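**Student:** Structure: upload-v4.txt, compact mmCIF, C-alpha atoms and all ligand atoms.
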```txt
# COMPACT_ATOMS: atom_id res chain seq x y z
CA MET A 21 206.37 295.69 31.67
CA PRO A 22 205.75 294.01 35.01
CA GLN A 23 202.77 295.40 36.83
CA ALA A 24 203.55 297.83 39.62
CA ARG A 25 202.98 296.16 42.97
CA PRO A 26 200.12 297.73 44.89
CA SER A 27 201.30 299.45 48.04
CA VAL A 28 198.64 297.74 50.15
CA THR A 29 197.21 294.24 49.88
CA ILE A 30 194.25 292.81 51.74
CA THR A 31 194.00 289.05 52.05
CA ALA A 32 190.81 287.32 53.15
CA TYR A 33 191.81 284.30 55.24
CA PRO A 34 189.21 281.52 55.30
CA ASP A 35 186.93 281.68 58.36
CA GLY A 36 189.16 284.42 59.72
CA PRO A 37 190.25 288.04 59.44
CA LEU A 38 191.24 290.30 56.59
CA VAL A 39 194.99 290.72 56.77
CA VAL A 40 196.22 294.09 55.58
CA ARG A 41 199.83 294.39 54.50
CA GLY A 42 201.46 297.65 53.56
CA ASP A 43 201.37 301.21 54.67
CA VAL A 44 197.78 301.65 55.69
CA ASP A 45 195.97 304.63 57.17
CA LEU A 46 193.20 303.44 59.48
CA ARG A 47 190.66 306.07 60.50
CA THR A 48 187.55 306.37 62.60
CA VAL A 49 184.45 307.74 60.93
CA ASP A 50 185.42 311.14 62.33
CA GLY A 51 188.73 310.99 60.56
CA GLU A 52 190.74 310.29 63.70
CA PRO A 53 193.67 307.95 63.11
CA ILE A 54 193.28 304.50 64.70
CA PRO A 55 196.65 303.56 66.17
CA HIS A 56 197.86 300.20 65.02
CA ARG A 57 200.91 298.03 65.34
CA ASP A 58 203.83 298.03 62.92
CA GLY A 59 203.70 295.19 60.44
CA PRO A 60 200.65 293.46 59.03
CA VAL A 61 197.30 293.97 60.79
CA ALA A 62 194.34 291.59 60.94
CA LEU A 63 190.94 293.23 60.73
CA CYS A 64 188.03 291.41 62.33
CA ARG A 65 185.27 290.35 59.98
CA CYS A 66 183.37 288.05 62.30
CA GLY A 67 182.21 290.92 64.51
CA LEU A 68 183.19 289.21 67.75
CA SER A 69 186.63 290.63 68.48
CA ARG A 70 187.11 292.50 71.73
CA ILE A 71 189.69 294.76 70.15
CA LYS A 72 187.83 295.83 67.02
CA PRO A 73 188.65 296.77 64.36
CA PHE A 74 191.46 294.26 64.94
CA CYS A 75 191.05 290.50 65.10
CA ASP A 76 191.88 288.84 68.43
CA SER A 77 191.23 285.28 67.21
CA THR A 78 187.83 285.07 68.90
CA HIS A 79 186.44 283.96 65.52
CA LYS A 80 187.98 280.55 66.20
CA ARG A 81 185.50 280.02 69.00
CA SER A 82 182.54 280.96 66.86
CA SER A 83 180.75 279.42 63.92
CA PHE A 84 181.94 282.23 61.67
CA ARG A 85 182.51 280.92 58.15
CA ALA A 86 183.73 282.83 55.12
CA ASP A 87 185.96 282.09 52.16
CA MET L 13 240.80 292.85 77.51
CA THR L 14 237.90 291.35 79.34
CA THR L 15 238.09 287.69 80.14
CA PRO L 16 234.94 285.82 79.21
CA VAL L 17 233.25 284.41 82.25
CA LEU L 18 230.35 282.05 82.65
CA PRO L 19 227.22 283.65 84.05
CA ALA L 20 228.09 283.89 87.71
CA PRO L 21 227.43 281.00 90.02
CA PRO L 22 225.00 279.90 91.30
CA LEU L 23 223.33 280.67 87.99
CA LEU L 24 225.13 277.72 86.54
CA ALA L 25 226.06 276.21 89.81
CA GLY L 26 227.57 272.83 89.23
CA GLY L 27 224.95 271.45 86.91
CA ARG L 28 222.10 269.13 87.79
CA GLY L 29 223.96 265.88 87.53
CA PRO L 30 227.13 264.51 85.94
CA LEU L 31 226.21 265.27 82.33
CA SER L 32 225.39 268.93 82.81
CA ALA L 33 228.23 269.39 85.30
CA LEU L 34 230.70 268.03 82.76
CA THR L 35 229.19 270.14 80.00
CA LEU L 36 229.70 273.20 82.16
CA GLN L 37 233.23 272.14 82.89
CA VAL L 38 234.02 271.68 79.19
CA ILE L 39 232.49 275.02 78.26
CA GLY L 40 234.14 276.76 81.18
CA ALA L 41 237.55 275.38 80.26
CA GLY L 42 237.17 276.36 76.63
CA ARG L 43 238.88 273.92 74.33
CA ARG L 44 240.34 270.86 75.94
CA GLY L 45 242.66 270.67 78.79
CA THR L 46 240.68 268.97 81.53
CA GLY L 47 239.78 265.52 80.31
CA ALA L 48 236.16 266.49 80.86
CA HIS L 49 235.55 266.28 77.12
CA GLU L 50 236.28 262.56 76.90
CA GLU L 51 234.44 261.84 80.12
CA LEU L 52 231.36 263.71 78.87
CA LEU L 53 231.31 261.77 75.63
CA ARG L 54 231.66 258.51 77.52
CA LEU L 55 228.86 259.31 79.97
CA ALA L 56 226.59 260.62 77.22
CA GLY L 57 227.10 257.37 75.34
CA ALA L 58 226.13 255.41 78.43
CA ARG L 59 223.07 257.59 78.97
CA ALA L 60 222.04 257.07 75.34
CA ALA L 61 222.43 253.30 75.66
CA ASP L 62 220.24 253.29 78.74
CA ARG L 63 217.41 255.00 76.78
CA GLY L 64 215.49 256.21 79.81
CA PRO L 65 213.08 259.14 79.33
CA VAL L 66 214.76 262.52 78.98
CA LEU L 67 212.06 265.20 78.62
CA GLU L 68 211.81 265.63 82.38
CA ASP L 69 215.44 264.81 83.10
CA ASP L 70 217.09 267.93 84.53
CA ASP L 71 220.60 266.72 83.86
CA VAL L 72 220.12 265.86 80.17
CA GLN L 73 217.98 268.91 79.42
CA LEU L 74 220.42 271.34 81.00
CA ALA L 75 223.34 269.73 79.16
CA LEU L 76 221.46 269.94 75.86
CA PHE L 77 220.39 273.52 76.56
CA LEU L 78 224.03 274.49 77.19
CA LEU L 79 225.17 272.74 74.03
CA TYR L 80 222.56 274.63 72.00
CA GLY L 81 223.69 277.77 73.81
CA LEU L 82 226.89 277.51 71.76
CA TYR L 83 224.85 278.43 68.68
CA TYR L 84 222.68 281.16 70.17
CA GLY L 85 225.63 283.15 71.37
CA TRP L 86 224.60 283.79 74.94
CA LEU L 87 227.64 281.90 76.19
CA GLY L 88 229.67 284.70 74.67
CA ALA L 89 233.26 284.16 73.67
CA LEU L 90 233.37 281.04 75.81
CA GLY L 91 231.38 279.23 73.19
CA ASP L 92 233.33 280.39 70.18
CA ASP L 93 236.02 277.75 70.22
CA LEU L 94 233.55 274.98 70.85
CA GLU L 95 230.81 275.92 68.41
CA TRP L 96 231.73 273.22 65.91
CA ASP L 97 233.63 270.95 68.27
CA LEU L 98 233.23 267.44 66.91
CA GLU L 99 232.97 265.69 70.27
CA LEU L 100 230.38 268.12 71.58
CA LEU L 101 228.42 267.63 68.36
CA GLN L 102 228.51 263.91 69.02
CA VAL L 103 227.27 264.43 72.56
CA ARG L 104 224.52 266.72 71.30
CA GLN L 105 223.48 264.11 68.76
CA LEU L 106 223.24 261.40 71.41
CA PHE L 107 220.91 263.57 73.50
CA GLU L 108 218.95 264.69 70.46
CA ARG L 109 218.17 261.11 69.44
CA LEU L 110 216.70 260.38 72.85
CA HIS L 111 214.83 263.67 72.88
CA GLU L 112 213.34 263.25 69.42
CA ALA L 113 212.30 259.65 70.02
CA GLU L 114 210.45 260.57 73.19
CA LEU L 115 208.95 263.65 71.56
CA ARG L 116 207.57 261.57 68.70
CA GLU L 117 206.04 259.17 71.16
CA LEU L 118 204.53 261.99 73.20
CA ALA L 119 203.17 263.79 70.14
CA GLY L 120 201.45 260.59 69.01
CA THR L 121 200.24 259.93 65.52
CA VAL L 122 198.36 262.74 63.91
CA PRO L 123 196.44 261.92 60.74
CA ALA L 124 198.07 263.61 57.76
CA PRO L 125 195.78 265.90 55.73
CA GLU L 126 195.88 266.21 51.94
CA PRO L 127 198.94 268.17 50.84
CA THR L 128 197.03 271.29 49.89
CA ALA L 129 197.42 274.63 51.67
CA ARG L 130 193.71 274.64 52.54
CA SER L 131 193.61 271.19 54.09
CA VAL L 132 196.87 271.60 55.97
CA ALA L 133 195.77 274.96 57.40
CA GLN L 134 192.43 273.45 58.38
CA ALA L 135 194.06 270.41 59.97
CA LEU L 136 196.34 272.68 62.01
CA PHE L 137 193.44 274.83 63.17
CA ASP L 138 191.48 271.68 64.09
CA LEU L 139 194.41 270.16 65.97
CA THR L 140 195.08 273.31 67.98
CA ALA L 141 191.38 273.91 68.66
CA ALA L 142 191.09 270.43 70.16
CA ASP L 143 193.92 271.29 72.54
CA ASP L 144 192.88 272.03 76.10
CA GLY L 145 195.96 274.20 76.51
CA PRO L 146 194.97 277.56 77.91
CA SER L 147 194.13 276.33 81.41
CA LEU L 148 197.39 277.85 82.69
CA ALA L 149 196.50 281.15 81.04
CA ARG L 150 193.04 281.03 82.57
CA TYR L 151 194.53 280.38 85.99
CA VAL L 152 196.76 283.41 85.58
CA ALA L 153 193.81 285.54 84.47
CA ARG L 154 191.66 284.64 87.47
CA ARG L 155 193.63 283.27 90.38
CA ALA L 156 197.39 283.62 90.17
CA THR L 157 199.10 285.51 92.97
CA THR L 158 201.74 288.10 92.16
CA GLU L 159 204.42 285.60 93.13
CA GLN L 160 202.98 283.05 90.70
CA ALA L 161 202.63 285.58 87.90
CA LEU L 162 206.29 286.47 88.35
CA GLU L 163 207.23 282.80 88.27
CA LEU L 164 205.49 282.55 84.94
CA LEU L 165 207.59 285.39 83.54
CA ALA L 166 210.78 283.85 84.91
CA LEU L 167 209.91 280.53 83.24
CA ARG L 168 208.95 282.16 79.99
CA SER L 169 212.11 284.26 79.92
CA ILE L 170 214.12 281.22 78.83
CA TYR L 171 212.39 281.39 75.47
CA THR L 172 210.89 284.83 75.31
CA LEU L 173 214.01 286.91 75.89
CA ARG L 174 215.19 285.16 72.73
CA GLU L 175 211.75 285.15 71.16
CA ALA L 176 211.63 283.91 67.56
CA ASP L 177 215.32 282.94 67.36
CA ALA L 178 214.74 279.20 67.44
CA HIS L 179 212.40 279.24 64.45
CA SER L 180 214.69 281.58 62.52
CA TRP L 181 217.12 278.67 62.07
CA ALA L 182 214.63 277.37 59.52
CA ILE L 183 214.81 280.37 57.18
CA PRO L 184 217.70 279.19 55.00
CA ARG L 185 216.25 275.68 55.00
CA LEU L 186 213.09 276.79 53.20
CA THR L 187 212.48 278.20 49.74
CA GLY L 188 209.81 280.10 47.83
CA ARG L 189 206.44 280.97 49.40
CA ALA L 190 207.13 279.17 52.65
CA LYS L 191 210.40 281.03 53.11
CA ALA L 192 208.77 284.39 52.35
CA ALA L 193 206.02 283.63 54.88
CA LEU L 194 208.47 282.64 57.60
CA VAL L 195 210.48 285.80 56.99
CA GLU L 196 207.30 287.86 57.14
CA ILE L 197 206.42 286.44 60.56
CA GLN L 198 209.95 286.70 61.89
CA ALA L 199 210.41 290.25 60.63
CA ASP L 200 207.33 291.16 62.63
CA GLU L 201 208.70 289.33 65.69
CA TYR L 202 211.88 291.34 65.31
CA GLY L 203 209.98 294.62 65.29
CA SER L 204 209.49 295.28 61.56
CA GLY L 205 212.58 297.45 61.46
CA HIS L 206 211.95 299.07 64.85
CA PRO L 207 214.33 297.56 67.40
CA GLY L 208 212.19 298.88 70.25
CA SER L 209 209.22 296.84 69.00
CA MET L 210 211.09 293.52 68.98
CA HIS L 211 209.01 291.07 70.95
CA SER L 212 212.01 290.06 73.03
CA VAL L 213 212.53 293.72 73.90
CA LEU L 214 208.87 294.15 74.87
CA PHE L 215 209.21 291.11 77.10
CA ALA L 216 212.35 292.50 78.72
CA THR L 217 210.37 295.66 79.50
CA THR L 218 207.67 293.54 81.12
CA MET L 219 210.26 291.75 83.24
CA ARG L 220 211.86 294.97 84.41
CA GLY L 221 208.41 296.40 85.05
CA VAL L 222 207.72 293.70 87.63
CA GLY L 223 211.20 293.92 89.11
CA LEU L 224 212.72 290.83 87.48
CA ASP L 225 216.18 290.60 85.97
CA ASP L 226 216.03 290.78 82.16
CA THR L 227 219.56 289.58 81.48
CA TYR L 228 219.81 286.23 79.74
CA PRO L 229 219.58 283.59 81.13
CA ALA L 230 219.18 285.00 84.62
CA TYR L 231 216.56 282.39 85.55
CA LEU L 232 218.20 279.37 84.01
CA ASP L 233 218.90 277.86 87.39
CA HIS L 234 215.24 278.32 88.35
CA ALA L 235 213.88 276.67 85.22
CA PRO L 236 212.69 273.08 85.58
CA ALA L 237 213.61 270.40 83.03
CA VAL L 238 210.34 270.70 81.09
CA VAL L 239 210.95 274.37 80.38
CA LEU L 240 214.41 273.63 79.04
CA ALA L 241 212.99 270.66 77.12
CA SER L 242 210.46 272.94 75.52
CA HIS L 243 213.20 275.27 74.30
CA ASN L 244 215.43 272.37 73.30
CA THR L 245 212.57 271.02 71.20
CA MET L 246 212.55 274.20 69.13
CA SER L 247 216.32 274.21 68.78
CA LEU L 248 216.29 270.56 67.74
CA LEU L 249 213.65 271.13 65.06
CA GLY L 250 215.14 274.41 63.88
CA LEU L 251 218.69 273.14 63.53
CA HIS L 252 217.96 270.17 61.26
CA HIS L 253 217.12 270.44 57.59
CA ARG L 254 215.58 266.98 57.92
CA LEU L 255 213.09 268.43 60.41
CA ARG L 256 212.13 271.60 58.48
CA GLY L 257 208.54 270.40 58.16
CA ALA L 258 208.39 269.92 61.91
CA VAL L 259 209.79 273.33 62.79
CA VAL L 260 207.21 274.91 60.50
CA GLY L 261 204.40 272.92 62.11
CA HIS L 262 205.78 273.83 65.53
CA LEU L 263 205.71 277.54 64.75
CA ALA L 264 202.21 277.29 63.32
CA ALA L 265 200.84 275.61 66.45
CA PHE L 266 202.81 278.00 68.63
CA GLU L 267 201.21 281.01 66.94
CA MET L 268 197.77 279.40 66.93
CA THR L 269 197.82 278.84 70.67
CA SER L 270 199.11 282.27 71.56
CA SER L 271 196.59 284.98 70.81
CA ILE L 272 193.83 283.90 73.22
CA PRO L 273 196.18 282.89 76.11
CA ASN L 274 197.97 286.21 75.83
CA ARG L 275 194.68 287.94 76.34
CA TYR L 276 194.31 285.99 79.60
CA TYR L 277 197.84 286.86 80.66
CA ARG L 278 197.16 290.50 79.98
CA ASP L 279 193.98 290.29 82.08
CA GLY L 280 195.87 288.55 84.86
CA PHE L 281 198.63 291.13 85.10
CA ALA L 282 196.07 293.94 84.89
CA ARG L 283 194.09 292.27 87.71
CA LEU L 284 197.25 292.22 89.81
CA GLY L 285 197.54 295.95 89.34
CA TYR L 286 200.26 296.18 86.71
CA GLY L 287 200.04 298.97 84.19
CA GLU L 288 200.43 299.17 80.47
CA GLU L 289 204.19 299.03 80.56
CA VAL L 290 203.94 295.49 81.89
CA THR L 291 200.89 294.33 79.92
CA ARG L 292 201.97 295.75 76.56
CA TYR L 293 203.87 292.62 75.63
CA PHE L 294 200.71 290.53 76.04
CA ALA L 295 198.41 293.03 74.34
CA GLU L 296 200.79 293.19 71.37
CA HIS L 297 200.66 289.41 71.12
CA VAL L 298 196.90 289.26 71.04
CA GLU L 299 197.03 291.35 67.87
CA ALA L 300 200.25 290.08 66.37
CA ASP L 301 199.49 286.41 66.77
CA ALA L 302 196.04 286.80 65.26
CA VAL L 303 197.97 287.81 62.13
CA HIS L 304 200.78 285.32 62.51
CA GLU L 305 198.54 282.30 62.92
CA GLN L 306 196.94 282.99 59.54
CA ILE L 307 200.27 283.45 57.80
CA ALA L 308 201.74 280.42 59.57
CA ALA L 309 198.83 278.13 58.73
CA HIS L 310 198.21 279.10 55.13
CA ASP L 311 201.28 280.80 53.70
CA LEU L 312 203.93 278.92 55.64
CA ALA L 313 202.77 275.42 56.55
CA GLY L 314 200.18 275.22 53.76
CA ALA L 315 202.59 276.41 51.11
CA LEU L 316 205.36 274.12 52.36
CA ALA L 317 203.02 271.13 52.09
CA GLU L 318 202.26 272.05 48.48
CA GLN L 319 205.95 272.53 47.70
CA ASP L 320 206.88 269.20 49.25
CA PRO L 321 203.98 266.86 50.05
CA SER L 322 206.36 264.44 51.76
CA LEU L 323 206.63 266.93 54.64
CA VAL L 324 202.95 266.88 55.65
CA GLY L 325 203.52 264.21 58.30
CA ASP L 326 206.34 266.19 59.89
CA ILE L 327 204.38 269.43 59.78
CA MET L 328 201.70 267.74 61.86
CA PHE L 329 204.32 266.14 64.12
CA GLY L 330 205.87 269.56 64.76
CA ALA L 331 202.47 271.03 65.60
CA ALA L 332 201.63 268.15 67.91
CA SER L 333 205.00 268.40 69.63
CA SER L 334 204.46 272.09 70.31
CA LEU L 335 201.12 271.29 71.95
CA ALA L 336 202.58 268.36 73.86
CA MET L 337 205.46 270.37 75.29
CA ASP L 338 203.12 273.20 76.19
CA ALA L 339 200.90 270.73 77.99
CA LEU L 340 203.87 269.30 79.89
CA VAL L 341 204.95 272.74 81.05
CA GLY L 342 201.38 273.75 81.86
CA ARG L 343 200.82 270.63 83.91
CA HIS L 344 204.09 271.07 85.77
CA VAL L 345 203.27 274.65 86.72
CA LEU L 346 199.62 274.10 87.64
CA THR L 347 200.37 271.00 89.70
CA ALA L 348 202.94 272.92 91.71
CA TRP L 349 200.67 275.89 92.23
CA GLU L 350 197.71 273.78 93.20
CA ASP L 351 199.90 272.03 95.77
CA GLY L 352 200.93 275.43 97.10
CA ARG L 353 204.51 275.01 95.86
CA SER L 354 206.70 277.10 93.61
CA SER L 355 206.83 275.89 90.00
CA LEU L 356 210.50 276.84 89.88
CA ARG L 357 213.44 274.77 91.07
CA ARG L 358 213.87 277.37 93.75
CA PRO L 359 211.39 280.11 94.54
CA LEU L 360 212.02 283.68 93.43
CA THR L 361 211.51 284.84 96.98
CA ALA L 362 214.68 283.02 97.93
CA GLY L 363 216.31 286.12 96.45
CA PRO L 364 219.76 286.33 94.99
CA VAL L 365 222.06 283.75 96.49
S1 LIG I 401 187.79 287.80 62.57
FE1 LIG I 401 189.06 287.26 64.21
S2 LIG I 401 187.98 287.92 65.91
FE2 LIG I 401 186.70 288.49 64.27
```
Would it be possible to restate this file's structure as structure tokens?
Ligand code: FES

**Tutor:**
Amino acid sequence: MPQARPSVTITAYPDGPLVVRGDVDLRTVDGEPIPHRDGPVALCRCGLSRIKPFCDSTHKRSSFRAD
Amino acid sequence: MTTPVLPAPPLLAGGRGPLSALTLQVIGAGRRGTGAHEELLRLAGARAADRGPVLEDDDVQLALFLLYGLYYGWLGALGDDLEWDLELLQVRQLFERLHEAELRELAGTVPAPEPTARSVAQALFDLTAADDGPSLARYVARRATTEQALELLALRSIYTLREADAHSWAIPRLTGRAKAALVEIQADEYGSGHPGSMHSVLFATTMRGVGLDDTYPAYLDHAPAVVLASHNTMSLLGLHHRLRGAVVGHLAAFEMTSSIPNRYYRDGFARLGYGEEVTRYFAEHVEADAVHEQIAAHDLAGALAEQDPSLVGDIMFGAASSLAMDALVGRHVLTAWEDGRSSLRRPLTAGPV
């Protein structure tokens, strides 16, 4: 039997964001939904984005490195 | 029955020289009947033999833009009979050869990375990082007047009201991972199933929000040669299987040089007092292109290089040509603004003629 495809995937892009594909429910710590765009979203993992939790490509101007 | 008409003059008023005037005449007359066909082919042949530069040539770029218009559909029923017209294809090919040759020269030689997804993605990020592109965006963020900001939208409308279409030509020309990645990006451009979220629709909202006309191509007559050349570059790369590596590289560089400039554009329009309705297009692009650049670099260009290592050179050429055309447009606009002139062929304030 082929494995069922997970409904959400998270891909770590080198030196960049985590890209989340699929139907994802983003929440604040208080449980409030965080509005996000349709389609895949990039979550900042360099800490420098001005639109956190989303990536705005600021990582490219930093020395952030990650596999 | 409604008779198809060309966008009203002076939108396409008489062309910008003999080549574009004849192209308009041929398209306006539909198939045959005026002798303009033969004359166009003859003149295009002469222009090709003369080999002068074309990227800033208003006449050639408008003619080529109109010829590509046959495929995009904005010429309406007028274009239907001529879509696969053999003589017009010949004319198009003559212009394309000149355009591609000059583009390759302008793009210069870019060292080809190893054909692995990692190295190709890295090389693309390095190439685009070295680009000093966003000076126009920075100008808009800090200094542009309302008039200038509107000019920018008018210029961008040539591409952005048809956003993503040019690169979509490449979909059937790719296979496997690269194809899936291109479709993923394009689906997002087209609103992920929500027509109201299509990027072209968001841009139309922005245009209406500032009082500009969002019909296509309302500002064609305003657009200088370099803006048409920039769109023609995408059409050229997208419409040739031979150039599939280049169109992929072009899209990758396009996405990689979009997120940060769009943040500046958003800041600029906010500074000028425009609300969210107008800035939403730019804000959406900050987020969307941060995703797209990753997919484009790794899953699209990187995967294509692994599928077919012989395309690495063209992937880099496509990326470099995107940067080069962007730089040409940026320089044109900034030079005009710094001289206190309009960057358009005629200022918006001239109003409807
Ligand atoms: S990961 Fe992109 S801005 Fe932080």

**Student:** Using all atoms listed in the file, find which residues of chain A lie within 8 Å of chain L and jot them down as a PyMOL selection string.

**Tutor:** chain A and resi 33+36+39+57-62+74-78+80

**Student:** Show me, as a PDB file with C-alpha atoms, in the frame of the given file, the residues that have an atom within 10 Å of Asp45 of chain A when counting all atoms listed in the file, minus same-chain residues fewer than 3 positions from it.

**Tutor:**
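As a result, result-v9.pdb now contains:
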```
ATOM      1  CA  GLY A  42     201.460 297.650  53.560  1.00  0.00           C
ATOM      2  CA  PRO A  53     193.670 307.950  63.110  1.00  0.00           C
ATOM      3  CA  ILE A  54     193.280 304.500  64.700  1.00  0.00           C
ATOM      4  CA  PRO A  55     196.650 303.560  66.170  1.00  0.00           C
ATOM      5  CA  HIS A  56     197.860 300.200  65.020  1.00  0.00           C
TER       6      HIS A  56
END
```

**Student:** Find the residues around segment 146-162 of chain L up to 8 Å (all atoms listed in the file counted), leave out those fewer than 6 positions away in its own chain, and share them as a list in words.

**Tutor:**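 So the residues in contact are Val222, Leu224, Thr269, Ile272, Pro273, Asn274, Tyr276, Tyr277, Arg278, Asp279, Gly280, Phe281, Arg283, Leu284, Gly342, Val345, Leu346, Trp349, Ser354 and Leu360 of chain L.
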
**Student:** Please write the residues from the selection above to a file, keeping C-alpha atoms, as a PDB file, keeping the file's coordinate frame.

**Tutor:**
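Written file, result-v7.pdb:
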```
ATOM      1  CA  VAL L 222     207.720 293.700  87.630  1.00  0.00           C
ATOM      2  CA  LEU L 224     212.720 290.830  87.480  1.00  0.00           C
ATOM      3  CA  THR L 269     197.820 278.840  70.670  1.00  0.00           C
ATOM      4  CA  ILE L 272     193.830 283.900  73.220  1.00  0.00           C
ATOM      5  CA  PRO L 273     196.180 282.890  76.110  1.00  0.00           C
ATOM      6  CA  ASN L 274     197.970 286.210  75.830  1.00  0.00           C
ATOM      7  CA  TYR L 276     194.310 285.990  79.600  1.00  0.00           C
ATOM      8  CA  TYR L 277     197.840 286.860  80.660  1.00  0.00           C
ATOM      9  CA  ARG L 278     197.160 290.500  79.980  1.00  0.00           C
ATOM     10  CA  ASP L 279     193.980 290.290  82.080  1.00  0.00           C
ATOM     11  CA  GLY L 280     195.870 288.550  84.860  1.00  0.00           C
ATOM     12  CA  PHE L 281     198.630 291.130  85.100  1.00  0.00           C
ATOM     13  CA  ARG L 283     194.090 292.270  87.710  1.00  0.00           C
ATOM     14  CA  LEU L 284     197.250 292.220  89.810  1.00  0.00           C
ATOM     15  CA  GLY L 342     201.380 273.750  81.860  1.00  0.00           C
ATOM     16  CA  VAL L 345     203.270 274.650  86.720  1.00  0.00           C
ATOM     17  CA  LEU L 346     199.620 274.100  87.640  1.00  0.00           C
ATOM     18  CA  TRP L 349     200.670 275.890  92.230  1.00  0.00           C
ATOM     19  CA  SER L 354     206.700 277.100  93.610  1.00  0.00           C
ATOM     20  CA  LEU L 360     212.020 283.680  93.430  1.00  0.00           C
TER      21      LEU L 360
END
```

**Student:** Quote the spacing between atom CA of His111 of chain L and atom CA of Ala60 of chain L in Å to one decimal place.

**Tutor:** 10.1 Å

**Student:** Measure the distance from atom FE1 of ligand LIG 401 (chain I) to atom CA of Val28 of chain A in Å and round it to one decimal.

**Tutor:**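 So the answer is 20.0 Å.
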
**Student:** Measuring between only C-alpha atoms and all ligand atoms, which one of A:Ala24, A:Val49, A:Cys66, A:Ile30 shows the shortest distance to ligand LIG 401 (chain I)?

**Tutor:**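 The shortest atom-to-atom distance to ligand LIG 401 (chain I) comes from A:Cys66.
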
**Student:** In Å, with one decimal, what is the gap from atom CA of Ala332 of chain L to atom CA of Ala119 of chain L?

**Tutor:**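 Atom CA of Ala119 of chain L lies at a distance of 5.1 Å from atom CA of Ala332 of chain L.
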
**Student:** Find the residue from A:Ala32, A:Cys64, A:Leu38, A:Val44 that sits nearest to ligand LIG 401 (chain I); use only C-alpha atoms and all ligand atoms when measuring.

**Tutor:** A:Cys64

**Student:** So which residues touch Gly208 of chain L within 10 Å, counting all atoms listed in the file, skipping near sequence neighbours fewer than 6 positions away, as a PyMOL selection string?

**Tutor:** chain L and resi 202+214+217

**Student:** Tell me, as a ChimeraX atom specification, which residues lie within 7 Å of segment 314-331 of chain L, counting all atoms listed in the file; anything in the same chain fewer than 3 positions away does not count.

**Tutor:** /L:119,122,124,127-130,132-133,189-190,257-262,264-265,309-311,334-335

**Student:** Do a neighbour search on segment 31-37 of chain L at 8 Å with only C-alpha atoms, toss out local chain neighbours closer than 6 positions, and write the hits as a CSV table (one decimal) with C-alpha atoms, keeping the file's coordinate frame.

**Tutor:**
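Output below, filename out-v4.csv:
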```
chain,number,residue,atom,x,y,z
L,24,LEU,CA,225.1,277.7,86.5
L,48,ALA,CA,236.2,266.5,80.9
L,49,HIS,CA,235.6,266.3,77.1
L,51,GLU,CA,234.4,261.8,80.1
L,52,LEU,CA,231.4,263.7,78.9
L,55,LEU,CA,228.9,259.3,80.0
L,56,ALA,CA,226.6,260.6,77.2
L,71,ASP,CA,220.6,266.7,83.9
L,72,VAL,CA,220.1,265.9,80.2
L,74,LEU,CA,220.4,271.3,81.0
L,75,ALA,CA,223.3,269.7,79.2
L,78,LEU,CA,224.0,274.5,77.2
L,79,LEU,CA,225.2,272.7,74.0
```

**Student:** Give the centre and edge lengths of an axis-aligned box, in Å to one decimal, that holds all listed atoms of ligand LIG 401 (chain I) with 3 Å on each side, as JSON.

**Tutor:**
```
{"center_x": 187.9, "center_y": 287.9, "center_z": 64.2, "size_x": 8.4, "size_y": 7.2, "size_z": 9.3}
```

**Student:** Which one of A:Thr29, A:Thr48, A:Ser69, A:Ser82 sits closest to ligand LIG 401 (chain I) if you count only C-alpha atoms and all ligand atoms?

**Tutor:**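 For ligand LIG 401 (chain I), the nearest of the given residues is A:Ser69.
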
**Student:** Is there a way to complete segment 47-53 of chain L with N, CA, C and O atoms and then write that out as a compact mmCIF listing (two decimals), in the coordinates of the input?

**Tutor:**
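File written: out_36.txt
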```txt
# COMPACT_ATOMS: atom_id res chain seq x y z
N GLY L 47 240.22 266.91 80.36
CA GLY L 47 239.78 265.52 80.31
C GLY L 47 238.27 265.39 80.43
O GLY L 47 237.70 264.31 80.26
N ALA L 48 237.60 266.52 80.69
CA ALA L 48 236.16 266.49 80.86
C ALA L 48 235.45 266.13 79.55
O ALA L 48 234.42 265.46 79.54
N HIS L 49 236.05 266.58 78.46
CA HIS L 49 235.55 266.28 77.12
C HIS L 49 235.28 264.79 76.91
O HIS L 49 234.20 264.38 76.56
N GLU L 50 236.36 264.01 77.13
CA GLU L 50 236.28 262.56 76.90
C GLU L 50 235.29 261.92 77.86
O GLU L 50 234.51 261.04 77.48
N GLU L 51 235.32 262.40 79.10
CA GLU L 51 234.44 261.84 80.12
C GLU L 51 232.98 262.13 79.76
O GLU L 51 232.10 261.28 79.91
N LEU L 52 232.73 263.33 79.26
CA LEU L 52 231.36 263.71 78.87
C LEU L 52 230.86 262.81 77.75
O LEU L 52 229.74 262.29 77.79
N LEU L 53 231.71 262.61 76.76
CA LEU L 53 231.31 261.77 75.63
C LEU L 53 231.03 260.34 76.10
O LEU L 53 230.06 259.71 75.67
```
